[in-house]
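Student: Following this line is start34.tsv, made up of TSV, C-alpha atoms:
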chain	number	residue	atom	x	y	z
A	829	MET	CA	-69.57	-32.40	-41.72
A	830	GLU	CA	-71.81	-29.62	-40.43
A	831	LEU	CA	-75.12	-28.27	-41.73
A	832	ILE	CA	-73.26	-25.49	-43.49
A	833	ASP	CA	-71.27	-28.08	-45.45
A	834	LEU	CA	-74.46	-29.93	-46.19
A	835	LYS	CA	-75.86	-26.74	-47.67
A	836	GLU	CA	-72.84	-26.42	-49.94
A	837	VAL	CA	-73.29	-29.98	-51.20
A	838	TRP	CA	-77.03	-29.36	-51.60
A	839	ASP	CA	-76.42	-26.23	-53.68
A	840	ARG	CA	-73.93	-27.98	-55.93
A	841	VAL	CA	-76.20	-31.00	-56.47
A	842	GLU	CA	-79.16	-28.73	-57.23
A	843	GLU	CA	-77.13	-26.58	-59.61
A	844	LYS	CA	-76.18	-29.59	-61.69
A	845	GLU	CA	-79.50	-31.39	-61.52
A	846	SER	CA	-81.67	-28.39	-62.33
A	847	GLU	CA	-79.79	-27.97	-65.61
A	848	LYS	CA	-80.27	-31.61	-66.47
A	849	PHE	CA	-83.94	-31.99	-65.58
A	850	GLN	CA	-85.55	-29.03	-67.29
A	851	LEU	CA	-88.53	-30.53	-69.12
A	852	PRO	CA	-89.52	-29.07	-72.46
A	853	GLU	CA	-92.91	-27.34	-72.68
A	854	GLU	CA	-94.43	-30.25	-74.59
A	855	SER	CA	-93.59	-32.73	-71.82
A	856	VAL	CA	-95.06	-30.41	-69.18
A	857	VAL	CA	-98.30	-30.10	-71.17
A	858	ASN	CA	-98.46	-33.90	-71.54
A	859	ALA	CA	-97.88	-34.40	-67.81
A	860	ILE	CA	-100.68	-31.97	-66.92
A	861	ARG	CA	-103.14	-33.84	-69.15
A	862	LYS	CA	-102.62	-37.13	-67.35
A	863	GLN	CA	-104.88	-38.44	-64.61
A	864	SER	CA	-103.87	-37.71	-61.05
A	865	ASN	CA	-103.21	-40.76	-58.88
A	866	THR	CA	-102.79	-39.31	-55.42
A	867	THR	CA	-104.64	-41.06	-52.61
A	868	PHE	CA	-107.13	-38.19	-52.61
A	869	SER	CA	-107.72	-38.43	-56.36
A	870	LYS	CA	-108.47	-42.13	-56.00
A	871	ILE	CA	-110.87	-41.41	-53.12
A	872	LEU	CA	-112.50	-38.72	-55.25
A	873	ARG	CA	-113.15	-41.14	-58.10
A	874	ALA	CA	-114.61	-43.72	-55.69
A	875	ILE	CA	-116.86	-41.10	-54.09
A	876	ARG	CA	-118.15	-39.92	-57.46
A	877	TYR	CA	-119.36	-43.47	-58.08
A	878	LYS	CA	-120.92	-43.73	-54.61
A	879	VAL	CA	-122.76	-40.40	-55.03
A	880	LEU	CA	-124.20	-41.61	-58.31
A	881	ILE	CA	-125.30	-44.99	-56.98
A	882	SER	CA	-126.79	-43.65	-53.72
A	883	THR	CA	-128.65	-40.85	-55.53
A	884	ILE	CA	-130.14	-43.25	-58.08
A	885	ALA	CA	-131.06	-45.77	-55.36
A	886	SER	CA	-132.60	-43.01	-53.23
A	887	ILE	CA	-134.76	-41.73	-56.10
A	888	ALA	CA	-135.78	-45.30	-56.97
A	889	SER	CA	-136.81	-45.91	-53.34
A	890	TYR	CA	-138.97	-42.78	-53.25
A	891	LEU	CA	-140.50	-43.57	-56.62
A	892	SER	CA	-141.44	-47.08	-55.50
A	893	VAL	CA	-143.44	-45.80	-52.50
A	894	PRO	CA	-146.73	-45.00	-54.33
A	895	ALA	CA	-146.63	-48.37	-56.11
A	896	TYR	CA	-146.34	-50.28	-52.83
A	897	ILE	CA	-149.06	-48.22	-51.14
A	898	LEU	CA	-151.45	-48.62	-54.06
A	899	LYS	CA	-150.96	-52.39	-54.04
A	900	SER	CA	-151.36	-52.46	-50.28
A	901	ALA	CA	-154.82	-54.00	-50.21
A	902	GLU	CA	-154.07	-56.75	-52.71
A	903	GLU	CA	-150.61	-58.03	-51.95
A	904	SER	CA	-148.10	-58.61	-49.23
A	905	PHE	CA	-144.34	-58.50	-49.58
A	906	PHE	CA	-141.20	-60.09	-48.20
A	907	LEU	CA	-142.62	-63.62	-47.85
A	908	GLY	CA	-145.97	-62.20	-46.87
A	909	ILE	CA	-144.84	-60.56	-43.67
A	910	LEU	CA	-145.07	-56.91	-44.73
A	911	SER	CA	-148.04	-55.06	-46.15
A	912	GLY	CA	-147.68	-52.58	-48.99
A	913	ILE	CA	-148.01	-49.63	-46.61
A	914	GLU	CA	-145.28	-51.03	-44.37
A	915	VAL	CA	-142.96	-51.56	-47.34
A	916	GLY	CA	-143.83	-48.05	-48.53
A	917	ILE	CA	-142.80	-46.57	-45.17
A	918	MET	CA	-139.64	-48.69	-45.22
A	919	MET	CA	-138.82	-47.40	-48.70
A	920	ILE	CA	-139.23	-43.81	-47.47
A	921	LEU	CA	-136.78	-44.55	-44.64
A	922	VAL	CA	-134.35	-46.32	-46.98
A	923	GLY	CA	-134.63	-43.47	-49.51
A	924	THR	CA	-133.97	-40.88	-46.80
A	925	LEU	CA	-130.98	-42.83	-45.52
A	926	LEU	CA	-129.56	-43.09	-49.05
A	927	LEU	CA	-130.23	-39.41	-49.66
A	928	GLY	CA	-128.34	-38.58	-46.46
A	929	ILE	CA	-125.44	-40.75	-47.60
A	930	SER	CA	-125.45	-39.12	-51.03
A	931	ILE	CA	-125.48	-35.58	-49.55
A	932	ASN	CA	-122.67	-36.41	-47.14
A	933	TYR	CA	-120.55	-37.93	-49.91
A	934	ARG	CA	-121.20	-34.87	-52.06
A	935	ILE	CA	-120.01	-32.61	-49.22
A	936	SER	CA	-116.86	-34.75	-48.86
A	937	TYR	CA	-116.36	-34.61	-52.63
A	938	ARG	CA	-116.35	-30.81	-52.55
A	939	MET	CA	-114.06	-30.77	-49.52
A	940	ILE	CA	-111.53	-32.98	-51.31
A	941	LYS	CA	-111.72	-30.89	-54.49
A	942	THR	CA	-110.98	-27.77	-52.44
A	943	ASN	CA	-108.20	-29.46	-50.47
A	944	GLN	CA	-106.54	-30.78	-53.63
A	945	ILE	CA	-105.81	-27.32	-54.97
A	946	SER	CA	-105.37	-25.75	-51.59
A	947	ALA	CA	-102.50	-23.34	-51.10
A	948	LYS	CA	-103.09	-23.31	-47.36
A	949	PRO	CA	-100.14	-23.77	-45.02
A	950	LEU	CA	-99.09	-27.39	-44.56
A	951	LYS	CA	-100.42	-27.72	-41.01
A	952	GLU	CA	-103.89	-26.51	-41.96
A	953	SER	CA	-103.94	-28.64	-45.08
A	954	ILE	CA	-102.96	-31.81	-43.21
A	955	GLN	CA	-105.65	-31.13	-40.57
A	956	GLU	CA	-108.20	-30.74	-43.36
A	957	ALA	CA	-107.06	-33.96	-45.01
A	958	ILE	CA	-107.45	-35.84	-41.71
A	959	ASP	CA	-110.95	-34.39	-41.23
A	960	ILE	CA	-111.94	-35.44	-44.74
A	961	ILE	CA	-110.70	-39.02	-44.31
A	962	LEU	CA	-112.47	-39.29	-40.93
A	963	LYS	CA	-115.68	-37.93	-42.44
A	964	ILE	CA	-115.55	-40.41	-45.31
A	965	ASN	CA	-114.86	-43.23	-42.86
A	966	ARG	CA	-117.81	-42.16	-40.71
A	967	ILE	CA	-120.19	-42.10	-43.68
A	968	SER	CA	-119.00	-45.48	-44.81
A	969	ILE	CA	-119.24	-47.06	-41.33
A	970	TYR	CA	-122.52	-45.55	-40.15
A	971	SER	CA	-124.48	-45.78	-43.39
A	972	ASP	CA	-124.23	-49.55	-43.02
A	973	ALA	CA	-124.36	-49.56	-39.21
A	974	TYR	CA	-127.71	-47.71	-39.20
A	975	GLY	CA	-129.06	-49.17	-42.42
A	976	VAL	CA	-128.73	-52.86	-41.53
A	977	PRO	CA	-130.49	-52.68	-38.09
A	978	LEU	CA	-133.21	-50.49	-39.61
A	979	PHE	CA	-134.00	-53.04	-42.28
A	980	LEU	CA	-133.55	-56.01	-39.94
A	981	GLY	CA	-135.69	-54.44	-37.20
A	982	TRP	CA	-138.51	-53.76	-39.59
A	983	ILE	CA	-138.54	-57.32	-40.93
A	984	LEU	CA	-138.28	-58.75	-37.39
A	985	TYR	CA	-141.11	-56.57	-36.16
A	986	ALA	CA	-143.39	-57.76	-38.94
A	987	ALA	CA	-142.34	-61.41	-38.56
A	988	LEU	CA	-142.57	-61.57	-34.78
A	989	PHE	CA	-145.78	-59.67	-34.22
A	990	LYS	CA	-147.70	-60.95	-37.20
A	991	HIS	CA	-146.68	-64.58	-37.43
A	992	PHE	CA	-145.89	-65.51	-33.87
A	993	GLU	CA	-147.94	-65.07	-30.79
A	994	ILE	CA	-145.35	-63.19	-28.83
A	995	SER	CA	-145.85	-60.67	-26.04
A	996	SER	CA	-144.99	-57.08	-26.91
A	997	ILE	CA	-142.34	-56.94	-24.15
A	998	TRP	CA	-140.52	-60.04	-25.39
A	999	GLY	CA	-140.92	-58.99	-29.01
A	1000	SER	CA	-139.52	-55.52	-28.31
A	1001	LEU	CA	-136.62	-56.99	-26.33
A	1002	ILE	CA	-135.73	-59.45	-29.09
A	1003	ILE	CA	-135.91	-56.76	-31.79
A	1004	THR	CA	-133.89	-54.28	-29.74
A	1005	GLY	CA	-131.28	-56.92	-28.88
A	1006	ILE	CA	-130.86	-58.11	-32.46
A	1007	CYS	CA	-130.81	-54.57	-33.85
A	1008	TYR	CA	-128.20	-53.51	-31.29
A	1009	ALA	CA	-126.08	-56.61	-31.96
A	1010	SER	CA	-126.26	-56.04	-35.71
A	1011	PHE	CA	-125.31	-52.36	-35.20
A	1012	VAL	CA	-122.27	-53.35	-33.13
A	1013	LEU	CA	-121.20	-56.03	-35.63
A	1014	VAL	CA	-121.65	-53.88	-38.71
A	1015	GLU	CA	-119.94	-50.93	-37.02
A	1016	ALA	CA	-116.97	-53.13	-36.05
A	1017	LYS	CA	-116.76	-54.54	-39.58
A	1018	GLY	CA	-116.90	-51.01	-41.02
A	1019	LYS	CA	-114.17	-49.77	-38.67
A	1020	TRP	CA	-111.97	-52.72	-39.55
A	1021	LEU	CA	-112.47	-52.16	-43.28
A	1022	THR	CA	-111.85	-48.41	-43.18
A	1023	ASN	CA	-108.81	-48.93	-41.01
A	1024	LYS	CA	-107.49	-51.46	-43.50
A	1025	LYS	CA	-108.13	-49.04	-46.35
A	1026	TYR	CA	-107.00	-45.69	-44.92
A	1027	GLY	CA	-105.43	-46.61	-41.56
A	1028	ASP	CA	-101.80	-46.32	-42.72
A	1029	TYR	CA	-102.43	-43.08	-44.57
A	1030	LEU	CA	-104.29	-41.62	-41.62
A	1031	SER	CA	-101.51	-42.47	-39.19
A	1032	VAL	CA	-98.93	-40.85	-41.51
A	1033	LEU	CA	-101.06	-37.69	-41.61
A	1034	GLU	CA	-101.66	-37.72	-37.86
A	1035	SER	CA	-98.00	-38.18	-37.00
A	1036	SER	CA	-97.09	-35.37	-39.43
A	1037	LEU	CA	-99.67	-33.10	-37.83
A	1038	LYS	CA	-98.32	-33.98	-34.40
A	1039	GLU	CA	-94.88	-32.92	-35.61
A	1040	LEU	CA	-96.30	-29.52	-36.47
A	1041	GLN	CA	-98.03	-29.00	-33.16
A	1042	GLU	CA	-96.22	-26.69	-30.83
A	1043	LYS	CA	-96.96	-28.63	-27.70
A	1044	ASN	CA	-93.86	-30.63	-28.64
A	1045	MET	CA	-91.76	-27.59	-27.72
A	1046	HIS	CA	-91.23	-28.70	-24.13
A	1047	GLN	CA	-89.22	-31.66	-25.39
A	1048	VAL	CA	-86.40	-29.36	-26.52
B	682	MET	CA	-88.64	-18.13	-61.45
B	683	ASP	CA	-87.56	-21.73	-61.91
B	684	VAL	CA	-90.81	-23.53	-61.11
B	685	GLN	CA	-89.51	-26.88	-62.33
B	686	GLY	CA	-86.47	-26.47	-60.12
B	687	ILE	CA	-88.65	-26.09	-57.02
B	688	ILE	CA	-90.74	-29.13	-57.96
B	689	HIS	CA	-87.61	-31.20	-58.62
B	690	LYS	CA	-86.21	-30.30	-55.20
B	691	VAL	CA	-89.42	-31.35	-53.48
B	692	CYS	CA	-89.49	-34.62	-55.44
B	693	ARG	CA	-85.86	-35.36	-54.74
B	694	ILE	CA	-86.15	-34.83	-51.02
B	695	TYR	CA	-89.24	-37.02	-50.67
B	696	CYS	CA	-88.59	-39.83	-53.16
B	697	ASP	CA	-85.65	-42.18	-53.33
B	698	GLU	CA	-86.58	-43.91	-56.53
B	699	GLU	CA	-86.59	-42.37	-59.98
B	700	GLU	CA	-90.04	-43.73	-60.81
B	701	GLN	CA	-91.56	-42.29	-57.61
B	702	ARG	CA	-89.97	-38.92	-58.38
B	703	LYS	CA	-91.47	-38.86	-61.85
B	704	ASP	CA	-94.91	-39.69	-60.43
B	705	LEU	CA	-94.69	-37.02	-57.76
B	706	PHE	CA	-93.35	-34.48	-60.25
B	707	GLN	CA	-96.33	-35.12	-62.48
B	708	GLU	CA	-98.79	-34.94	-59.57
B	709	ILE	CA	-97.40	-31.60	-58.44
B	710	LEU	CA	-97.59	-30.25	-61.99
B	711	ILE	CA	-101.23	-31.35	-62.32
B	712	HIS	CA	-102.19	-29.77	-59.00
B	713	LEU	CA	-100.29	-26.55	-59.70
B	714	TRP	CA	-102.05	-26.29	-63.03
B	715	LYS	CA	-105.46	-26.79	-61.41
B	716	ALA	CA	-104.71	-24.45	-58.53
B	717	TYR	CA	-103.18	-21.65	-60.59
B	718	PRO	CA	-106.48	-19.82	-61.28
B	719	GLY	CA	-106.82	-19.47	-57.50
B	720	PHE	CA	-103.46	-17.75	-57.08
B	721	LYS	CA	-104.29	-14.23	-55.93
B	722	GLY	CA	-100.80	-12.99	-55.30
B	723	GLU	CA	-101.38	-12.77	-51.56
B	724	SER	CA	-98.09	-14.54	-50.96
B	725	LYS	CA	-94.88	-14.81	-52.94
B	726	PHE	CA	-95.19	-17.05	-55.97
B	727	SER	CA	-92.45	-19.35	-54.65
B	728	THR	CA	-94.26	-19.63	-51.29
B	729	TRP	CA	-97.43	-20.58	-53.14
B	730	ILE	CA	-95.58	-23.23	-55.18
B	731	TYR	CA	-93.97	-24.72	-52.06
B	732	ARG	CA	-97.34	-24.82	-50.29
B	733	ILE	CA	-99.11	-26.60	-53.16
B	734	SER	CA	-96.17	-28.97	-53.69
B	735	LEU	CA	-95.94	-29.94	-50.04
B	736	ASN	CA	-99.71	-30.40	-49.84
B	737	VAL	CA	-99.49	-32.77	-52.81
B	738	VAL	CA	-96.68	-34.70	-51.08
B	739	PHE	CA	-99.02	-35.42	-48.19
B	740	GLN	CA	-101.90	-36.32	-50.51
B	741	HIS	CA	-99.65	-38.64	-52.48
B	742	PHE	CA	-99.42	-41.38	-49.91
B	743	ARG	CA	-96.60	-43.78	-50.54
B	744	LYS	CA	-95.79	-46.77	-48.42
B	745	GLN	CA	-92.59	-46.11	-46.51
B	746	LYS	CA	-89.75	-48.36	-47.47
B	747	ARG	CA	-86.61	-48.42	-45.42
B	748	LYS	CA	-83.65	-48.93	-47.67
B	749	PRO	CA	-79.95	-49.16	-47.11
B	750	VAL	CA	-78.17	-45.86	-47.72
B	751	GLU	CA	-76.23	-47.22	-50.66
B	752	GLU	CA	-79.39	-47.89	-52.62
B	753	THR	CA	-80.76	-44.39	-52.20
B	754	LEU	CA	-77.82	-42.93	-54.05
B	755	SER	CA	-79.22	-42.75	-57.53
B	756	ASP	CA	-77.32	-43.17	-60.73
B	757	GLU	CA	-77.82	-39.54	-61.62
B	758	HIS	CA	-75.83	-38.47	-58.59
B	759	GLU	CA	-73.04	-40.77	-59.63
B	760	ARG	CA	-73.04	-39.09	-63.03
B	761	ILE	CA	-73.07	-35.62	-61.50
B	762	THR	CA	-70.04	-36.53	-59.50
B	763	GLU	CA	-68.26	-37.57	-62.65
B	764	GLN	CA	-69.35	-34.64	-64.83
B	765	ASN	CA	-69.07	-31.79	-62.36
B	766	ASP	CA	-66.46	-29.09	-62.93
B	767	ARG	CA	-66.09	-28.76	-59.18
B	768	PRO	CA	-66.30	-32.44	-58.45
B	769	LEU	CA	-68.74	-33.44	-55.79
B	770	HIS	CA	-67.35	-35.98	-53.45
B	771	ASN	CA	-69.32	-39.16	-53.80
B	772	ASP	CA	-69.19	-39.43	-50.00
B	773	GLU	CA	-70.65	-35.97	-49.62
B	774	VAL	CA	-73.66	-36.78	-51.76
B	775	LYS	CA	-74.03	-40.03	-49.89
B	776	ILE	CA	-73.96	-38.22	-46.55
B	777	LEU	CA	-76.47	-35.64	-47.83
B	778	HIS	CA	-78.89	-38.35	-48.90
B	779	HIS	CA	-78.33	-40.51	-45.87
B	780	ALA	CA	-78.90	-37.63	-43.47
B	781	ILE	CA	-81.98	-36.18	-45.18
B	782	GLY	CA	-83.40	-39.63	-45.84
B	783	ARG	CA	-83.46	-40.34	-42.11
B	784	LEU	CA	-85.59	-37.28	-41.31
B	785	ASN	CA	-89.36	-37.52	-41.10
B	786	ASP	CA	-91.57	-35.84	-43.71
B	787	ILE	CA	-92.06	-32.63	-41.74
B	788	GLU	CA	-88.35	-32.31	-40.93
B	789	LYS	CA	-87.58	-32.86	-44.61
B	790	ALA	CA	-89.87	-29.96	-45.53
B	791	ILE	CA	-88.26	-27.64	-42.98
B	792	VAL	CA	-84.68	-28.61	-43.83
B	793	MET	CA	-85.36	-28.28	-47.56
B	794	LEU	CA	-86.72	-24.76	-47.09
B	795	TYR	CA	-83.76	-23.94	-44.85
B	796	LEU	CA	-81.28	-25.23	-47.41
B	797	GLU	CA	-83.11	-23.15	-50.01
B	798	GLU	CA	-82.27	-20.14	-47.83
B	799	LYS	CA	-85.83	-19.36	-46.89
B	800	GLY	CA	-86.08	-17.27	-43.78
B	801	TYR	CA	-87.88	-18.45	-40.65
B	802	GLU	CA	-90.75	-16.12	-41.56
B	803	GLU	CA	-91.28	-17.77	-44.96
B	804	ILE	CA	-90.83	-21.29	-43.59
B	805	ALA	CA	-93.49	-20.45	-41.00
B	806	GLU	CA	-95.75	-19.13	-43.75
B	807	ILE	CA	-95.37	-22.32	-45.79
B	808	THR	CA	-95.69	-24.83	-42.97
B	809	GLY	CA	-98.28	-23.00	-40.89
B	810	ILE	CA	-96.29	-23.04	-37.65
B	811	THR	CA	-94.99	-20.02	-35.79
B	812	ARG	CA	-91.60	-18.46	-36.52
B	813	ASN	CA	-90.48	-19.29	-33.04
B	814	TYR	CA	-91.41	-22.92	-33.46
B	815	VAL	CA	-89.60	-23.06	-36.82
B	816	ARG	CA	-86.47	-21.94	-34.98
B	817	VAL	CA	-87.02	-24.59	-32.31
B	818	ARG	CA	-87.56	-27.30	-34.92
B	819	MET	CA	-84.56	-26.17	-36.93
B	820	ASN	CA	-82.34	-26.41	-33.86
B	821	ARG	CA	-83.61	-29.90	-33.22
B	822	ILE	CA	-83.03	-30.89	-36.85
B	823	LYS	CA	-79.49	-29.49	-36.73
B	824	ILE	CA	-78.73	-31.67	-33.72
B	825	LYS	CA	-80.29	-34.69	-35.38
B	826	LEU	CA	-78.42	-34.12	-38.63
B	827	GLY	CA	-75.19	-33.58	-36.75
B	828	LYS	CA	-75.60	-36.95	-35.06
B	829	LEU	CA	-76.48	-38.63	-38.33
B	830	MET	CA	-73.61	-37.10	-40.28
B	831	LYS	CA	-70.82	-37.40	-37.77
B	832	PRO	CA	-70.10	-41.12	-38.08
B	833	LEU	CA	-70.40	-40.98	-41.85
B	834	ALA	CA	-68.18	-37.93	-42.18
B	835	ASN	CA	-65.55	-39.60	-39.98
B	836	GLY	CA	-65.73	-42.72	-42.10
B	837	ALA	CA	-65.45	-40.73	-45.32
B	838	HIS	CA	-62.23	-38.92	-44.46
Written as structure tokens, that's how I'd like the structure from this file.
Tutor:
Amino acid sequence: MELIDLKEVWDRVEEKESEKFQLPEESVVNAIRKQSNTTFSKILRAIRYKVLISTIASIASYLSVPAYILKSAEESFFLGILSGIEVGIMMILVGTLLLGISINYRISYRMIKTNQISAKPLKESIQEAIDIILKINRISIYSDAYGVPLFLGWILYAALFKHFEISSIWGSLIITGICYASFVLVEAKGKWLTNKKYGDYLSVLESSLKELQEKNMHQV
Amino acid sequence: MDVQGIIHKVCRIYCDEEEQRKDLFQEILIHLWKAYPGFKGESKFSTWIYRISLNVVFQHFRKQKRKPVEETLSDEHERITEQNDRPLHNDEVKILHHAIGRLNDIEKAIVMLYLEEKGYEEIAEITGITRNYVRVRMNRIKIKLGKLMKPLANGAH
């Protein structure tokens, strides 16, 4: 059987099946109304939630700054190791980090929305899909990887320099070492989690893109 | 133009199981509906439908399951064989599904467009590769299909 015979079989199968599977208008309308469940639609719904949470948390962090600064003289926070001003500065940093996360997720959200209804050629569309997944992975990995050492470093700084008589060189070395170790650990955990979540999908997209790249021509 | 026909072909070539086909059919319909306001007529309507449909296929990630050839032959094909005026050989349908089922997702797209008598120019427009490369890929697919079909065709006759 040659390709030409295959075409004949294909035409005959299609001829019969197209008659049988014509959906009435009502069924088409019902199908359109249903919720999409593509991988991208699921990512989109998850991102919408993350944008909401990070925006609210960011605003709350900024709003808490004046309260901490005003209470600065009277109280201390986090088991007495941080003053109100220090917590205020930390909240500004946390708020900015969350705002950055929220903005990046919002950009990804728009990118997915555009890609979902894209009539671009397949190669371009797959490349875009890969870029989007990688971007989402990066946000997810590095928001934690930078956030955790930032918070930890600040607490350590306050604890070491205020409560222990430690030289500035040793203190700085300990803080740097712990922050770096926490960055590496959180980054590794993030990479493992994102790979578990989107790794298979990403490799399908990457191998499909590779198939469309003309550098494969020399293999012929 | 038979829009449903195009969607059915895309679903059939990418999904073995009836349930998966229904899901993909619905997804393509949803995305076509959402994308339609953006159709500016810059390409042929069929080209636009193929592009959206194939993009949805790659957004609709499904875990790959390797199945024996016999199981991919759906009941509907059995019925077609029985009902057809010009009877389709059960073996022929089996070979068609076996051969196409062994291609990767990109090869499936190219071979489907080829079987739908799209020219190299239109296939290039839909897939985003050059016309020359479409020809190269098509030649490779022909060789691959030939190898896949030969033992089955010999066994069938």
Student: So, with all atoms listed in the file as the atoms that count, which of A:Ala859, A:Val837, A:Leu1033, A:Ile969 lies closest to Val1012 (chain A)?
Tutor: A:Ile969
Student: I'd like to know which of B:Ile776, B:Ile688, B:Ile733, B:Cys696 is closest to chain A, using all atoms listed in the file.
Tutor: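 Once distances to chain A are computed over all atoms listed in the file, the minimum belongs to B:Ile733.
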Student: Specify as a VMD selection string all residues of chain B found within 6 Å of chain A, counting all atoms listed in the file.
Tutor: chain B and resid 686 707 to 708 711 to 712 716 732 to 733 740 to 742 796 807 to 809 834
Student: Write out as a PyMOL selection string each polymer residue whose atoms come within 12 Å of region 927-933 of chain A, counting all atoms listed in the file; drop sequence neighbours fewer than 4 positions from it.
Tutor: chain A and resi 871-890+919-923+937-940+960-961+963-972+974-975
Student: Between CA of Leu713 (chain B) and CA of Ser734 (chain B), measure the distance and give it in Å to one decimal.
Tutor: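 Result for CA of Leu713 (chain B) versus CA of Ser734 (chain B): 7.7 Å, one decimal.
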Student: Could you list as a PyMOL selection string every residue that has an atom within 9 Å of (-89.0, -31.9, -52.4), using the file's coordinates and counting all atoms listed in the file?
Tutor: chain B and resi 687-696+731+734-735+738+789-790+793
Student: For the atom pair CA of Ser1000 (chain A) and CA of Leu988 (chain A), what is the interatomic distance in Å to one decimal place?
Tutor: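 CA of Leu988 (chain A) lies at a distance of 9.4 Å from CA of Ser1000 (chain A).
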Student: Counting all atoms listed in the file, what is within 7 Å of region 812-819 of chain B, bar same-chain residues fewer than 2 positions away, as a list in words?
Tutor: Glu1042 of chain A; Tyr801, Glu802, Ala805, Ile810, Arg821, Ile822 and Lys823 of chain B
Student: Go ahead and save the residues from that selection, with C-alpha atoms, as a short mmCIF file (atom, residue, chain, number, x, y, z; two decimals), in the coordinates of the input.
Tutor:
data_model
loop_
_atom_site.label_atom_id
_atom_site.label_comp_id
_atom_site.auth_asym_id
_atom_site.auth_seq_id
_atom_site.Cartn_x
_atom_site.Cartn_y
_atom_site.Cartn_z
CA GLU A 1042 -96.22 -26.69 -30.83
CA TYR B 801 -87.88 -18.45 -40.65
CA GLU B 802 -90.75 -16.12 -41.56
CA ALA B 805 -93.49 -20.45 -41.00
CA ILE B 810 -96.29 -23.04 -37.65
CA ARG B 821 -83.61 -29.90 -33.22
CA ILE B 822 -83.03 -30.89 -36.85
CA LYS B 823 -79.49 -29.49 -36.73
#
